[in-house]
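Undergrad: One structure follows; several queries about it will come next.
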Amino acid sequence: MASPTLHAFPDSLVFARRLGRALGWPVERIELHHFPDGESLVRVRAEAGARAIVVRSLFEPNEKIVELLLAADALRRAGVGSLTLVAPYLAYMRQDRVFQPGEPVSQRVLGALLGASFERVLCIEAHLHRVRSLAEVFPCRAESIPAATVLAPWLEKAGHSLLVGPDEESEPFVRGLAEQVGLDWCVGTKRRHGDAEVTVALAECPARGGRALLVDDIVSSGATLAAAATGLYAQGVERVEAAVVHALFAPGAVDRLRAAGVAQVVSTDTIPHPTNQIATAPSLARVLAEES
């Protein structure tokens with residue numbers, strides 16, 4: 001059976017080529033044209049009957065989602081029989097219920113849209129809280145590779161003595177990672193006082209000396225990690241660093257972390273950013289190769 005072809009949008013072409021090299025699979029560029037009114041025209045190259053994998057990370061997602069649907073239609077019309085979406089970062093997962101009257105459940109909307117166009121969706125560490133898996137969200141086969149799978153090999157060489165999650169929601173993520181690499185861990189209790197004003201209490205954190213690593217799946221403003229770093233230094237930690245899965249850093253976020261004493265900030269490459277140090281293509285390649 002012929003190897004699937006990876007089809008990548010221009011903004012994810014570098015990532016797709018890394019993935020293609022890991023798998024030994026060909027990569028094709030999806031061509032985009034934007035009309036004056038903002039509409040997109042998508043052109044793909046595909047062979048009839050081939051399996052295809054579309055690669056696009058969904059940060060800044062709105063325009064990208066429409067273009068994904070257009071690309072899926074174009075590939076179907078070119079004769080592709082089986083379509084997989086690899087979205088290293090999968091957007092719209094945080095709005096998983098109606099928090100205020102009049103709001104949508106955005107997670108379900110995105111799941112229905114993509115699930116109708118792809119047989120399979122694969123991502124890294126979906127931002128799930130009140131649902132247990134992507135299978136509850138997508139009508140197609142959908143999988144989220146745990147961040148621990150990506151972070152553990154890097155963490156085993158990094159020499160930290162403690163893992164810290166900034167809030168209660170991070171507990172399953174931090175606990176699983178700590179158990180995998182054999183480190184002590186704790187999580188804070190977050191209180192939000194405004195969009196960028198946060199306090200984090202770490203009353204039960206076993207932090208005395210050594211290097212602590214703050215870990216989180218998504219960081220935007222950096223306010224929560226900065227507050228946690230301040231608390232760790234108050235407890236006697238000698239050095240605080242941070243590892244982020246999805247680097248959705250707003251302008252000034254990394255400066256905020258450094259001002260709070262975070263000595264090093266690293267991230268995975270699901271979203272291009274100067275802090276990228278941890279490659280996710282090997283983990284995605286292993287999952288894709290298992291069923292090739």
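Letters A, B, ... mark the chains of the structure tokens in the order given; residue numbers begin at 1 per chain; ligand numbers begin at 1, in order shown.
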Could you produce a table of the residues of region 92-166 of chain A lying within 10 Å of region 219-226 of chain A, with the nearest pair of atoms per residue and their separation in Å rounded to one decimal, using only C-alpha atoms, ordered by chain and increasing residue number, as JSON lines?

TA:
{"residue": "A:Val164", "atom": "CA", "partner": "A:Leu225", "partner_atom": "CA", "distance": 9.7}
{"residue": "A:Gly165", "atom": "CA", "partner": "A:Leu225", "partner_atom": "CA", "distance": 8.7}
{"residue": "A:Pro166", "atom": "CA", "partner": "A:Leu225", "partner_atom": "CA", "distance": 6.1}

Undergrad: Go ahead and save the picked residues with C-alpha atoms, as a short mmCIF file (atom, residue, chain, number, x, y, z; two decimals), in the first residue's frame.

TA:
data_model
loop_
_atom_site.label_atom_id
_atom_site.label_comp_id
_atom_site.auth_asym_id
_atom_site.auth_seq_id
_atom_site.Cartn_x
_atom_site.Cartn_y
_atom_site.Cartn_z
CA VAL A 164 4.39 22.55 39.71
CA GLY A 165 0.99 23.10 38.15
CA PRO A 166 -0.32 26.66 38.50
#

Undergrad: Which region 70-188 of chain A residues have any atom within 12 Å of an atom of region 16-21 of chain A, and for each, what is the nearest pair of atoms with distance in Å to one decimal, counting only C-alpha atoms, rows sorted by chain and number, as a tab-separated table?

TA:
residue	atom	partner	partner_atom	distance
A:Leu85	CA	A:Ala16	CA	11.7
A:Val86	CA	A:Ala16	CA	9.3
A:Ala87	CA	A:Ala16	CA	10.5
A:Pro88	CA	A:Ala16	CA	10.3

Undergrad: Keeping only C-alpha atoms, take the residues you just selected and write them out as a CSV table (one decimal), in the first residue's frame.

TA:
chain,number,residue,atom,x,y,z
A,85,LEU,CA,-6.3,16.1,10.1
A,86,VAL,CA,-3.2,16.6,12.1
A,87,ALA,CA,-3.7,19.8,14.1
A,88,PRO,CA,-0.8,20.0,16.7

Undergrad: For region 45-60 of chain A, work out the shell of residues within 7 Å, counting only C-alpha atoms and skipping chain neighbours fewer than 4 positions away, then give it as a PDB file with C-alpha atoms, in the first residue's frame.

TA:
ATOM      1  CA  PRO A   4      -0.162   8.620   2.580  1.00  0.00           C
ATOM      2  CA  THR A   5       0.706  12.107   1.398  1.00  0.00           C
ATOM      3  CA  LEU A   6       0.931  14.995   3.851  1.00  0.00           C
ATOM      4  CA  HIS A   7      -0.774  18.156   2.586  1.00  0.00           C
ATOM      5  CA  ALA A   8       0.293  21.298   4.417  1.00  0.00           C
ATOM      6  CA  PHE A   9      -0.865  24.898   4.395  1.00  0.00           C
ATOM      7  CA  SER A  12       2.418  24.719   8.736  1.00  0.00           C
ATOM      8  CA  ALA A  16       4.773  19.106   8.021  1.00  0.00           C
ATOM      9  CA  GLU A  28       2.648  18.569  -0.773  1.00  0.00           C
ATOM     10  CA  LYS A  64      -7.921  28.509   9.069  1.00  0.00           C
ATOM     11  CA  LEU A  75      -9.096  16.474  -1.729  1.00  0.00           C
ATOM     12  CA  ALA A  78      -9.517  14.840  -6.386  1.00  0.00           C
ATOM     13  CA  GLY A  79     -10.350  11.260  -5.429  1.00  0.00           C
ATOM     14  CA  VAL A  80      -8.925  10.920  -1.927  1.00  0.00           C
ATOM     15  CA  GLY A  81     -10.820   8.276  -0.009  1.00  0.00           C
ATOM     16  CA  SER A  82      -9.550   8.711   3.564  1.00  0.00           C
ATOM     17  CA  LEU A  83      -8.680  12.027   5.213  1.00  0.00           C
ATOM     18  CA  THR A  84      -6.839  12.644   8.477  1.00  0.00           C
ATOM     19  CA  LEU A  85      -6.342  16.053  10.072  1.00  0.00           C
ATOM     20  CA  VAL A  86      -3.173  16.599  12.100  1.00  0.00           C
ATOM     21  CA  ALA A  87      -3.715  19.766  14.127  1.00  0.00           C
ATOM     22  CA  PRO A  88      -0.843  19.975  16.651  1.00  0.00           C
ATOM     23  CA  TYR A  89      -2.792  22.710  18.440  1.00  0.00           C
ATOM     24  CA  LEU A  90      -6.566  22.243  18.336  1.00  0.00           C
ATOM     25  CA  ALA A  91      -8.556  25.418  18.956  1.00  0.00           C
ATOM     26  CA  THR A 270       2.790  23.062  18.181  1.00  0.00           C
ATOM     27  CA  ILE A 271       2.705  26.862  17.777  1.00  0.00           C
TER      28      ILE A 271
END

Undergrad: Quick one: residues within 10 Å of Pro139 (chain A), only C-alpha atoms counted, chain neighbours fewer than 2 positions away excluded, as a list of chain:residue names?

TA: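 Selected residues are A:Arg108, A:Gly111, A:Ala112, A:Leu113, A:Leu114, A:Gly115, A:Ala116, A:Phe118, A:Glu119, A:Arg120, A:Leu134, A:Ala135, A:Glu136, A:Val137, A:Arg141, A:Ala142.
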
Undergrad: Let's have the selection written as a PDB file, in the first residue's frame, with C-alpha atoms.

TA:
ATOM      1  CA  ARG A 108     -19.118  20.928  19.963  1.00  0.00           C
ATOM      2  CA  GLY A 111     -16.136  18.961  16.526  1.00  0.00           C
ATOM      3  CA  ALA A 112     -19.158  18.707  14.253  1.00  0.00           C
ATOM      4  CA  LEU A 113     -17.534  20.770  11.480  1.00  0.00           C
ATOM      5  CA  LEU A 114     -14.244  18.907  11.374  1.00  0.00           C
ATOM      6  CA  GLY A 115     -15.806  15.540  12.114  1.00  0.00           C
ATOM      7  CA  ALA A 116     -17.978  15.828   9.021  1.00  0.00           C
ATOM      8  CA  PHE A 118     -12.293  14.098   8.201  1.00  0.00           C
ATOM      9  CA  GLU A 119     -12.256  10.430   9.182  1.00  0.00           C
ATOM     10  CA  ARG A 120      -9.660  11.112  11.864  1.00  0.00           C
ATOM     11  CA  LEU A 134     -12.087  13.924  22.120  1.00  0.00           C
ATOM     12  CA  ALA A 135     -14.301  10.932  21.349  1.00  0.00           C
ATOM     13  CA  GLU A 136     -17.057  12.780  23.223  1.00  0.00           C
ATOM     14  CA  VAL A 137     -16.634  15.817  20.962  1.00  0.00           C
ATOM     15  CA  ARG A 141     -12.171   9.116  15.262  1.00  0.00           C
ATOM     16  CA  ALA A 142     -10.264  11.713  17.295  1.00  0.00           C
TER      17      ALA A 142
END

Undergrad: Please provide the set of residues having any atom within 7 Å of Ser106 (chain A), restricted to only C-alpha atoms, with same-chain residues fewer than 2 positions apart removed, written as a PyMOL selection string.

TA: chain A and resi 92+95-96+104+108-110

Undergrad: Suppose we keep C-alpha atoms; can you now write the selection as a CSV table (one decimal), in the first residue's frame?

TA:
chain,number,residue,atom,x,y,z
A,92,TYR,CA,-12.0,26.1,20.6
A,95,GLN,CA,-15.6,26.5,25.7
A,96,ASP,CA,-17.1,23.1,26.6
A,104,PRO,CA,-22.5,28.6,22.4
A,108,ARG,CA,-19.1,20.9,20.0
A,109,VAL,CA,-19.5,23.3,17.0
A,110,LEU,CA,-15.9,22.7,15.9

Undergrad: Interatomic distance between CA of Ser267 (chain A) and CA of Glu63 (chain A)?

TA: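 These two atoms are separated by 24.6 Å.
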
Undergrad: Quick check for you: according to DSSP on this backbone, which residues of region 11-190 of chain A are classed as strand (DSSP E or B)? Reply as a ChimeraX atom specification.

TA: /A:27-29,31-34,40-43,51-55,82-86,120-124,141-145,162-165,184-187,189-190

Undergrad: Write out as a VMD selection string all residues of region 27-231 of chain A that backbone DSSP assigns to helix (DSSP H, G or I).

TA: chain A and resid 61 to 77 106 to 115 134 to 136 147 to 155 168 to 181 223 to 231

Undergrad: Near Ala201 (chain A), counting only C-alpha atoms, which residues have an atom at most 12 Å away, once you skip same-chain residues fewer than 4 positions from it, shown as JSON, numbers by chain?

TA: {"A": [164, 165, 166, 167, 168, 186, 187, 188, 189, 190, 191, 192, 205, 224, 225, 227, 228, 229, 230, 231, 232, 234, 235]}

Undergrad: Can you list, as a PyMOL selection string, every protein, DNA or RNA residue that comes within 7 Å of region 239-247 of chain A when you count only C-alpha atoms, leaving out same-chain residues fewer than 5 positions away?

TA: chain A and resi 89+147+210-219+229+261-268+270-271+273

Undergrad: Suppose we keep C-alpha atoms; can you now write the selection as a PDB file, in the first residue's frame?

TA:
ATOM      1  CA  TYR A  89      -2.792  22.710  18.440  1.00  0.00           C
ATOM      2  CA  ALA A 147       1.652  16.144  26.691  1.00  0.00           C
ATOM      3  CA  GLY A 210      16.546  23.136  44.001  1.00  0.00           C
ATOM      4  CA  ARG A 211      14.966  23.801  40.593  1.00  0.00           C
ATOM      5  CA  ALA A 212      11.207  23.877  40.127  1.00  0.00           C
ATOM      6  CA  LEU A 213       9.537  23.567  36.744  1.00  0.00           C
ATOM      7  CA  LEU A 214       6.173  25.193  36.175  1.00  0.00           C
ATOM      8  CA  VAL A 215       4.222  23.221  33.568  1.00  0.00           C
ATOM      9  CA  ASP A 216       0.983  24.128  31.812  1.00  0.00           C
ATOM     10  CA  ASP A 217      -0.802  23.111  28.638  1.00  0.00           C
ATOM     11  CA  ILE A 218      -1.676  26.620  27.413  1.00  0.00           C
ATOM     12  CA  VAL A 219      -0.241  30.003  28.384  1.00  0.00           C
ATOM     13  CA  ALA A 229       6.729  31.680  40.264  1.00  0.00           C
ATOM     14  CA  GLY A 261      11.978  35.441  38.039  1.00  0.00           C
ATOM     15  CA  VAL A 262      11.277  32.609  35.602  1.00  0.00           C
ATOM     16  CA  ALA A 263      14.815  31.873  34.476  1.00  0.00           C
ATOM     17  CA  GLN A 264      13.972  29.860  31.369  1.00  0.00           C
ATOM     18  CA  VAL A 265      10.816  29.409  29.297  1.00  0.00           C
ATOM     19  CA  VAL A 266      10.556  26.522  26.841  1.00  0.00           C
ATOM     20  CA  SER A 267       7.660  25.282  24.741  1.00  0.00           C
ATOM     21  CA  THR A 268       6.782  22.597  22.263  1.00  0.00           C
ATOM     22  CA  THR A 270       2.790  23.062  18.181  1.00  0.00           C
ATOM     23  CA  ILE A 271       2.705  26.862  17.777  1.00  0.00           C
ATOM     24  CA  HIS A 273       7.467  30.770  18.891  1.00  0.00           C
TER      25      HIS A 273
END

Undergrad: Nearest to Glu67 (chain A) among A:Glu103, A:Glu31, A:Asp37, A:Glu125, with distances taken over only C-alpha atoms: which residue is it?

TA: A:Glu31

Undergrad: Quick one, how far is CA of Leu68 (chain A) from CA of Asp269 (chain A)?

TA: 20.3 Å
